[in-house]
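Single-structure report; data block below.
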Amino acid sequence: MSFIITNPFTGKPLEKTPDGTSLKDVNFETKEEALQFFKDHGGNPVEMVEVPSK
């Protein structure tokens, strides 16, 4: 399994981070890795959702 970054209000995957970094086809191995990536790119807390690996 892997994780994607979603909008906690809509449940839909985010297309980009607040600083404009694309999240298209970006998956993370852990929730912690996803959260750190989002923080590093100007994001506020979000929800990480587990998805089947591609």
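Identifiers in the structure tokens: chain A, B, ... in order shown; residue index from 1 per chain; ligand index from 1 in order shown.
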### Task
Can you pull out every residue within 10 Å of region 38-43 of chain A, counting only C-alpha atoms, but drop anything in the same chain fewer than 5 positions away, and send it as a count of residues only?
10
Mind checking which residues fall within 6 Å of Lys24 (chain A), counting only C-alpha atoms, ignoring those fewer than 2 positions away in the same chain, and posting them as a tab-separated table (two decimals) with N, CA and C atoms, in the first residue's frame?
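Written output follows (selection.tsv):
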```
chain	number	residue	atom	x	y	z
A	15	GLU	N	-4.11	18.21	-6.20
A	15	GLU	CA	-3.38	18.24	-7.47
A	15	GLU	C	-1.99	18.85	-7.30
A	22	SER	N	3.58	19.79	-8.16
A	22	SER	CA	2.55	18.85	-8.62
A	22	SER	C	2.53	17.60	-7.75
A	26	VAL	N	1.90	11.11	-7.45
A	26	VAL	CA	2.86	11.06	-6.35
A	26	VAL	C	2.26	10.21	-5.23
```
Surrounding residues of Ser53 (chain A) excluding itself and chain neighbours under 6 positions, 9 Å, only C-alpha atoms, as an mmCIF file with all heavy atoms, in the first residue's frame:
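File produced: out.cif:
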```
data_model
loop_
_atom_site.group_PDB
_atom_site.id
_atom_site.type_symbol
_atom_site.label_atom_id
_atom_site.label_comp_id
_atom_site.auth_asym_id
_atom_site.auth_seq_id
_atom_site.Cartn_x
_atom_site.Cartn_y
_atom_site.Cartn_z
ATOM 1 N N MET A 1 0.841 -1.190 0.000
ATOM 2 C CA MET A 1 0.000 0.000 0.000
ATOM 3 C C MET A 1 0.881 1.247 0.000
ATOM 4 O O MET A 1 2.029 1.209 0.409
ATOM 5 C CB MET A 1 -0.898 0.029 1.230
ATOM 6 C CG MET A 1 -2.004 -0.978 1.204
ATOM 7 S SD MET A 1 -3.183 -0.544 -0.057
ATOM 8 C CE MET A 1 -4.551 -1.510 0.398
ATOM 9 N N SER A 2 0.282 2.328 -0.440
ATOM 10 C CA SER A 2 0.964 3.614 -0.423
ATOM 11 C C SER A 2 -0.050 4.671 0.006
ATOM 12 O O SER A 2 -1.223 4.372 0.203
ATOM 13 C CB SER A 2 1.552 3.932 -1.797
ATOM 14 O OG SER A 2 0.536 3.973 -2.775
ATOM 15 N N PHE A 3 0.409 5.908 0.142
ATOM 16 C CA PHE A 3 -0.437 6.988 0.616
ATOM 17 C C PHE A 3 -0.402 8.155 -0.363
ATOM 18 O O PHE A 3 0.618 8.408 -1.005
ATOM 19 C CB PHE A 3 0.038 7.474 1.994
ATOM 20 C CG PHE A 3 -0.120 6.435 3.059
ATOM 21 C CD1 PHE A 3 0.865 5.499 3.276
ATOM 22 C CD2 PHE A 3 -1.272 6.373 3.820
ATOM 23 C CE1 PHE A 3 0.723 4.517 4.249
ATOM 24 C CE2 PHE A 3 -1.430 5.401 4.797
ATOM 25 C CZ PHE A 3 -0.427 4.479 5.009
ATOM 26 N N ASN A 27 2.985 9.183 -4.820
ATOM 27 C CA ASN A 27 2.582 8.308 -3.723
ATOM 28 C C ASN A 27 3.711 8.249 -2.703
ATOM 29 O O ASN A 27 4.870 8.421 -3.052
ATOM 30 C CB ASN A 27 2.301 6.889 -4.239
ATOM 31 C CG ASN A 27 1.096 6.855 -5.134
ATOM 32 O OD1 ASN A 27 -0.015 7.038 -4.691
ATOM 33 N ND2 ASN A 27 1.327 6.626 -6.418
#
```
### Task
From chain A, collect each residue whose DSSP state is strand (DSSP E) and return the set as an MDAnalysis selection string.
chainID A and resid 2:6 47:51
Would you put the residues from that selection into a file with C-alpha atoms, as a short mmCIF file (atom, residue, chain, number, x, y, z; two decimals), in the first residue's frame?
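Output file result_39.cif follows:
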```
data_model
loop_
_atom_site.label_atom_id
_atom_site.label_comp_id
_atom_site.auth_asym_id
_atom_site.auth_seq_id
_atom_site.Cartn_x
_atom_site.Cartn_y
_atom_site.Cartn_z
CA SER A 2 0.96 3.61 -0.42
CA PHE A 3 -0.44 6.99 0.62
CA ILE A 4 -1.65 10.07 -1.25
CA ILE A 5 -2.43 13.56 0.06
CA THR A 6 -6.13 14.45 0.04
CA GLU A 47 -5.37 13.85 5.67
CA MET A 48 -3.32 10.98 4.23
CA VAL A 49 -5.30 8.14 2.65
CA GLU A 50 -3.99 4.63 2.05
CA VAL A 51 -4.34 3.49 -1.58
#
```
#### Entry: d(CA of Asp25 (chain A), CA of Pro52 (chain A)) in Å
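Distance reported for this atom pair: 12.5 Å.
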### Task
Within chain A, find each residue whose DSSP state, derived from the backbone, is helix (DSSP H, G or I), and express the selection as a count of residues only.
10
